[in-house]
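First up is the structure itself, then whatever we jot down about it.
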Amino acid sequence: MKNTLGLVAGILLLFALPALAANGTIKGKVIDKDTKEGLPGANVVIKGTSTGAATDLNGAFTIPTVPPGTYTLQVSYVGYLTKTATVTVSNDAVTVQDFALTGVAIQGQEFVVTAQAQGQMQAINQQISANKISNVVSESRIQELPDFNAAQAISRLPGISTLTSSGEANKIVIRGLAPKFNQITIGGVSLATTGSTQIGVSSQGGTAGSISNDRSVDLSMMSPYMIKSISVYKSLTPDMNANSIGGTVNMELREAPPELHSDFLFQSGYTQKSNQYGNFRAVASASTRFLNDQIGVYLLGNIEQYDRDADNMNAGYEITSDTPGDNGYLPVRVTNVQLNRHFETRKRFGGNLILAYVLPSGSLKLVNMFSRLNSQYKDYRTILNYSSLTSDLIFRYQEGDNNVDLAMNSLVFSYDLGFMSFDLRAANNYSRNSLPEAPQSEFYQTRGVGTSTPNTIPEDLTTLIRYGGTETAYLNTLTLFSSSYKENGQTYKADFKVPLRLGSDLAGYFKFGGEFNTTLHQNSQRTPYATIAGANTIQTAIANGIRAQFPGMTYNSGLNLFSSTGFTSHDSDILKSFLDDRFGGIIWANDPSLLTNMIHYVAGNPAFSSYNATAVEPGGWFDGYFQTFPNTYQYVEDYTAAFVMSELKYGNLMVV
């Protein structure tokens with residue numbers, strides 16, 4: 001259907017081209033009379049015809065291929081009084097007509113329009129004027145509401161939900177489809193994906209973990225103060241990237257308004273859970289325009305720090321029989337309960353530099369954006385295995401310092417030749433998700449819990465915990481996970497738009513273009529580990545080396561067991577009540593400083609390597625091909641696309 005419409009429009013265009021040279025153009029800007037700001041999405045139409053246009057984000061509009069004559073131009077905008085003006089169009093000439101609209105007043109009552117309400121009117125008008133299903137968050141609403149990041153701002157739209165990381169919205173779900181099915185763009189240019197870190201070590205010593213590129217973008221990295229508007233498109237037109245099943249989120253960044261402006265914002269706050277007043281946000285911006293407003297410069301920088309401490313309980317379940325019980329339901333029992341005390345400090349740094357040059361019939365814009373999210377975290381996890389053969393009680397600790405970088409540089413050249421307008425874009429995208437080291441240690445107590453019975457909730461299983469004190473919990477595994485995912489791509493995009501007009505009732509445009517994108521993906525990951533508990537030769541050698549390097553620890557020489565006695569933490573913040581101790585609580589936690597030093601000692605000693613030729617037998621510190629190669633790779637992805645489309649209007653009917 002789309003190809004057929006494009007072909008029809010092309011045929012019509014052949015008949016319309018001879019008349020283009022004899023027509024004129026109407027241009028102008030629609031602004032708010034009081035604030036002098038441009039009104040995006042205003043409907044500008046030649047009265048009595050279907051010929052018209054919608055204003056862009058700056059309130060500017062262009063109506064091409066208008067036959068010579070005198071017309072009544074009408075501007076309508078939700079929340080404002082409709083206004084008309086008489087214009088005269090000449091051959092091969094541009095007629096300029098600006099409008100200053102006044103907000104609707106209610107007679108006899110005081111009527112106050114807040115910045116947020118005005119922003120909502122802008123969003124509504126942009127949605128009305130769009131040729132696809134869309135939702136818009138305006139600049140005013142973004143600035144007024146206390147959203148931490150772009151993802152949280154977008155989540156206010158209908159049909160949008162978010163995934164969270166440590167309680168903070170970070171990725172967008174559109175109509176129930178996962179973030180990897182959505183496209184995130186700035187000014188129509190797709191952002192690089194950021195990946196996500198997933199780490200874990202089993203109680204048997206096997207290591208699992210990866211930095212996975214699921215083609216999603218972490219929007220918690222972007223400060224809302226960078227953004228002018230956010231549009232979510234739930235349906236696609238041919239001129240959009242088709243690599244998005246769920247939808248497309250497009251953000252436009254703030255640009256320089258007329259005259260010199262500067263802003264500074266500082267906020268701080270208190271978190272009751274962590275009992276600290278260290279959260280803060282600082283945003284500074286400056287902008288100006290010169291050479292008769294032809295050149296604009298906008299500069300913004302932001303720095304934030306806040307804690308994301310959290311307590312989380314997760315439980316696993318299984319069906320124990322295919323026969324329903326007396327209540328008619330299948331019997332279900334708890335297999336494990338995990339109590340995770342999470343400490344995390346996040347820091348976000350970002351900046352924008354936008355340069356714009358206004359041409360007689362177009363513009364040249366350079367956009368530079370960089371953002372970094374730093375997460376320093378510590379996880380203390382108590383794992384209650386109610387269904388395992390040995391009914392282990394496991395204490396697992398993990399820490400990390402994760403940096404996620406996101407950057408974009410784009411150059412956009414837009415120009416209107418009268419008979420045709422075009423947009424040329426070239427962009428460079430970069431992202432990196434780096435976790436240099438994530439030390440992890442694990443202690444366990446065999447038969448530290450009992451076996452659960454069917455249809456018993458986790459709260460009622462605390463009596464099955466058989467923790468015997470630090471003399472009965474032993475060091476099991478040491479791990480030193482590390483990963484780095486990088487993505488760097490270049491995008492080249494061209495769109496050409498030819499106005500089409502047949503008589504006073506049929507008007508529209510014919511559009512064609514294409515895009516080429518090449519991206520280098522690189523992933524490097526290591527998952528080395530050592531099982532300390534055991535009686536083989538290499539484990540004994542490791543244990544003896546640890547004892548010599550770190551004397552004074554309680555030690556069982558038979559199975560090379562290091563008692564948790566020497567590793568106990570006395571930090572009250574770690575051991576305080578966990579969710580009112582409904583699930584057993586954090587009954588023990590380790591002091592990580594000694595364990596981290598032990599991990600680096602074992603990892604740096606070549607005698608403990610499982611691939612050391614002088615080792616008596618394989619084992620010990622596993623840091624070979626299996627721990628490195630499965631998730632270490634690089635590849636180049638090339639994406640090529642082309643499109644042809646048309647938009648035709650006849651009265652109140654529009655066909656794309």
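Going by the structure tokens order, chains are called A, B, ..., each with residues numbered from 1, while ligands are numbered from 1 in the order shown.
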For region 373-491 of chain A against region 542-560 of chain A, with a cut-off of 10 Å and counting only C-alpha atoms, what is the closest atom pair and its distance in Å to one decimal for every residue that makes the cut, ordered by chain and number, as a tab-separated table?
residue	atom	partner	partner_atom	distance
A:Glu471	CA	A:Thr554	CA	8.5
A:Tyr474	CA	A:Tyr555	CA	9.2
A:Leu475	CA	A:Asn560	CA	9.2
A:Asn476	CA	A:Asn560	CA	9.6
message: What's around Leu57 (chain A) at 9 Å? Count only C-alpha atoms, leave out sequence neighbours fewer than 4 positions away in its own chain, and write the answer as an MDAnalysis selection string.
response: chainID A and resid 38:41 126 228:229 252
- prompt: Which neighbours of Ala310 (chain A) fall inside 12 Å, counting only C-alpha atoms, when residues of the same chain fewer than 6 positions from it are skipped, and could you give them as a PyMOL selection string?
  reply: chain A and resi 165-168+271-274+339-345+377-381+573-574+578-579
Could you take the residues named above and write them with C-alpha atoms, as a PDB file, in the first residue's frame?
ATOM      1  CA  SER A 165      17.745  -0.051  38.572  1.00  0.00           C
ATOM      2  CA  SER A 166      18.145   0.353  42.350  1.00  0.00           C
ATOM      3  CA  GLY A 167      14.785   2.082  42.474  1.00  0.00           C
ATOM      4  CA  GLU A 168      15.514   4.534  39.635  1.00  0.00           C
ATOM      5  CA  THR A 271      17.507  10.066  52.575  1.00  0.00           C
ATOM      6  CA  GLN A 272      16.031   8.486  55.655  1.00  0.00           C
ATOM      7  CA  LYS A 273      17.111   4.921  54.853  1.00  0.00           C
ATOM      8  CA  SER A 274      20.803   5.763  54.630  1.00  0.00           C
ATOM      9  CA  LEU A 339      17.969 -11.238  51.292  1.00  0.00           C
ATOM     10  CA  ASN A 340      19.982  -8.519  49.566  1.00  0.00           C
ATOM     11  CA  ARG A 341      21.237  -5.428  51.372  1.00  0.00           C
ATOM     12  CA  HIS A 342      22.411  -3.058  48.655  1.00  0.00           C
ATOM     13  CA  PHE A 343      24.565   0.035  49.205  1.00  0.00           C
ATOM     14  CA  GLU A 344      25.109   2.270  46.186  1.00  0.00           C
ATOM     15  CA  THR A 345      26.282   5.800  45.499  1.00  0.00           C
ATOM     16  CA  TYR A 377      28.010  -0.438  44.986  1.00  0.00           C
ATOM     17  CA  LYS A 378      28.289  -3.135  47.652  1.00  0.00           C
ATOM     18  CA  ASP A 379      25.935  -6.107  47.926  1.00  0.00           C
ATOM     19  CA  TYR A 380      25.540  -8.206  51.068  1.00  0.00           C
ATOM     20  CA  ARG A 381      23.377 -11.215  50.291  1.00  0.00           C
ATOM     21  CA  ASP A 573      24.501  -0.287  59.094  1.00  0.00           C
ATOM     22  CA  ILE A 574      25.077  -3.705  57.520  1.00  0.00           C
ATOM     23  CA  PHE A 578      16.261  -6.209  57.432  1.00  0.00           C
ATOM     24  CA  LEU A 579      12.591  -5.670  56.477  1.00  0.00           C
TER      25      LEU A 579
END
- request: For CA of Thr518 (chain A) and CA of Tyr492 (chain A), quote the distance in Å rounded to one decimal.
  value: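 A separation of 9.1 Å between them.
Each of A:Ser431, A:Ser564, A:Thr335, A:Asn135 was compared to Pro454 (chain A) using only C-alpha atoms, and A:Thr335 turns out to be the nearest.
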Each region 204-306 of chain A residue no farther than 10 Å from region 176-198 of chain A, nearest pair in Å, only C-alpha atoms, as a tab-separated table:
residue	atom	partner	partner_atom	distance
A:Ala208	CA	A:Gln198	CA	8.6
A:Gly209	CA	A:Gln198	CA	5.5
A:Ser210	CA	A:Gln198	CA	5.4
A:Ile211	CA	A:Thr197	CA	4.4
A:Ser212	CA	A:Gly195	CA	5.4
A:Asn213	CA	A:Gly195	CA	4.3
A:Asp214	CA	A:Lys180	CA	5.6
A:Arg215	CA	A:Lys180	CA	5.0
A:Ser216	CA	A:Lys180	CA	4.5
A:Val217	CA	A:Thr193	CA	4.8
A:Asp218	CA	A:Thr194	CA	6.2
A:Leu219	CA	A:Ile184	CA	8.9
A:Met221	CA	A:Thr194	CA	9.9
A:Ile227	CA	A:Ile186	CA	9.5
A:Ile230	CA	A:Ile186	CA	9.3
A:Ser231	CA	A:Thr185	CA	9.9
A:Val232	CA	A:Ile184	CA	9.4
A:Tyr233	CA	A:Gln183	CA	9.7
A:Lys234	CA	A:Asn182	CA	9.7
A:Met240	CA	A:Gly188	CA	8.1
A:Asn241	CA	A:Gln183	CA	7.9
A:Ala242	CA	A:Gln183	CA	8.9
A:Asn243	CA	A:Gln183	CA	7.1
A:Ser244	CA	A:Asn182	CA	4.8
A:Ile245	CA	A:Phe181	CA	5.3
A:Gly246	CA	A:Asn182	CA	5.1
A:Gly247	CA	A:Asn182	CA	5.1
A:Thr248	CA	A:Gln183	CA	4.6
A:Val249	CA	A:Ile184	CA	4.9
A:Asn250	CA	A:Thr185	CA	4.7
A:Met251	CA	A:Ile186	CA	4.8
A:Glu252	CA	A:Gly187	CA	5.3
A:Leu253	CA	A:Ile186	CA	7.5
How would the residues just chosen look if you wrote them out with N, CA, C and O atoms as a short mmCIF file (atom, residue, chain, number, x, y, z; two decimals), in the first residue's frame?
data_model
loop_
_atom_site.label_atom_id
_atom_site.label_comp_id
_atom_site.auth_asym_id
_atom_site.auth_seq_id
_atom_site.Cartn_x
_atom_site.Cartn_y
_atom_site.Cartn_z
N ALA A 208 29.14 -17.38 36.54
CA ALA A 208 28.28 -16.97 35.44
C ALA A 208 28.14 -15.46 35.49
O ALA A 208 28.00 -14.88 36.54
N GLY A 209 28.20 -14.83 34.34
CA GLY A 209 28.02 -13.39 34.33
C GLY A 209 28.35 -12.85 32.96
O GLY A 209 29.14 -13.42 32.23
N SER A 210 27.75 -11.74 32.61
CA SER A 210 28.06 -11.16 31.30
C SER A 210 27.62 -9.72 31.28
O SER A 210 26.78 -9.28 32.05
N ILE A 211 28.24 -8.98 30.37
CA ILE A 211 27.74 -7.65 30.04
C ILE A 211 27.01 -7.86 28.72
O ILE A 211 27.60 -8.24 27.73
N SER A 212 25.71 -7.76 28.70
CA SER A 212 24.93 -8.15 27.54
C SER A 212 24.47 -6.93 26.77
O SER A 212 23.96 -5.98 27.36
N ASN A 213 24.66 -6.96 25.47
CA ASN A 213 24.17 -5.88 24.62
C ASN A 213 22.78 -6.27 24.13
O ASN A 213 22.64 -7.04 23.20
N ASP A 214 21.76 -5.77 24.80
CA ASP A 214 20.40 -6.09 24.40
C ASP A 214 19.78 -4.98 23.56
O ASP A 214 18.57 -4.90 23.42
N ARG A 215 20.64 -4.08 23.01
CA ARG A 215 20.21 -3.01 22.11
C ARG A 215 19.28 -2.01 22.80
O ARG A 215 18.45 -1.36 22.15
N SER A 216 19.38 -1.90 24.11
CA SER A 216 18.59 -0.90 24.84
C SER A 216 19.50 0.22 25.31
O SER A 216 20.72 0.06 25.39
N VAL A 217 18.90 1.36 25.61
CA VAL A 217 19.65 2.54 26.05
C VAL A 217 19.21 2.89 27.47
O VAL A 217 18.02 3.01 27.75
N ASP A 218 20.19 3.07 28.35
CA ASP A 218 19.92 3.46 29.73
C ASP A 218 19.70 4.97 29.77
O ASP A 218 20.63 5.76 29.69
N LEU A 219 18.43 5.38 29.90
CA LEU A 219 18.08 6.80 29.89
C LEU A 219 18.26 7.47 31.25
O LEU A 219 18.05 8.68 31.37
N MET A 221 20.94 8.00 32.40
CA MET A 221 22.18 8.77 32.23
C MET A 221 21.92 10.20 31.80
O MET A 221 22.79 11.06 31.95
N ILE A 227 16.97 18.54 27.97
CA ILE A 227 15.99 18.20 26.94
C ILE A 227 14.96 19.31 26.74
O ILE A 227 14.43 19.87 27.70
N ILE A 230 10.27 15.73 24.39
CA ILE A 230 10.35 14.28 24.19
C ILE A 230 9.09 13.85 23.46
O ILE A 230 7.98 14.15 23.90
N SER A 231 9.27 13.14 22.37
CA SER A 231 8.14 12.60 21.60
C SER A 231 8.25 11.09 21.55
O SER A 231 9.32 10.55 21.25
N VAL A 232 7.15 10.41 21.85
CA VAL A 232 7.09 8.95 21.75
C VAL A 232 6.15 8.59 20.61
O VAL A 232 4.96 8.93 20.65
N TYR A 233 6.68 7.93 19.59
CA TYR A 233 5.90 7.54 18.42
C TYR A 233 5.57 6.05 18.52
O TYR A 233 6.46 5.21 18.54
N LYS A 234 4.27 5.76 18.57
CA LYS A 234 3.83 4.37 18.70
C LYS A 234 3.46 3.75 17.36
O LYS A 234 3.08 2.58 17.30
N MET A 240 11.03 6.90 9.07
CA MET A 240 11.59 6.61 10.38
C MET A 240 12.35 5.28 10.35
O MET A 240 12.11 4.43 9.48
N ASN A 241 13.25 5.11 11.31
CA ASN A 241 14.00 3.87 11.41
C ASN A 241 13.03 2.72 11.72
O ASN A 241 12.30 2.76 12.71
N ALA A 242 13.04 1.70 10.87
CA ALA A 242 12.10 0.59 11.03
C ALA A 242 12.57 -0.44 12.05
O ALA A 242 11.86 -1.40 12.34
N ASN A 243 13.75 -0.23 12.62
CA ASN A 243 14.31 -1.19 13.57
C ASN A 243 13.76 -0.96 14.98
O ASN A 243 14.50 -0.90 15.96
N SER A 244 12.44 -0.78 15.09
CA SER A 244 11.80 -0.58 16.39
C SER A 244 10.39 -1.13 16.32
O SER A 244 9.52 -0.57 15.66
N ILE A 245 10.18 -2.23 17.00
CA ILE A 245 8.87 -2.88 16.98
C ILE A 245 7.92 -2.19 17.95
O ILE A 245 6.74 -2.02 17.67
N GLY A 246 8.44 -1.81 19.11
CA GLY A 246 7.58 -1.19 20.11
C GLY A 246 7.24 0.25 19.79
O GLY A 246 6.08 0.65 19.80
N GLY A 247 8.25 1.05 19.50
CA GLY A 247 8.04 2.46 19.22
C GLY A 247 9.37 3.19 19.21
O GLY A 247 10.44 2.61 19.41
N THR A 248 9.30 4.49 18.99
CA THR A 248 10.49 5.33 18.92
C THR A 248 10.36 6.49 19.90
O THR A 248 9.31 7.15 19.96
N VAL A 249 11.41 6.71 20.67
CA VAL A 249 11.49 7.87 21.56
C VAL A 249 12.48 8.85 20.96
O VAL A 249 13.65 8.51 20.77
N ASN A 250 12.01 10.05 20.62
CA ASN A 250 12.89 11.06 20.04
C ASN A 250 12.97 12.26 20.98
O ASN A 250 11.95 12.81 21.39
N MET A 251 14.19 12.64 21.31
CA MET A 251 14.42 13.80 22.19
C MET A 251 15.08 14.92 21.40
O MET A 251 15.99 14.67 20.61
N GLU A 252 14.60 16.12 21.62
CA GLU A 252 15.23 17.31 21.05
C GLU A 252 15.89 18.07 22.20
O GLU A 252 15.27 18.29 23.25
N LEU A 253 17.15 18.45 22.00
CA LEU A 253 17.88 19.13 23.06
C LEU A 253 17.64 20.63 23.02
O LEU A 253 17.28 21.20 21.99
#
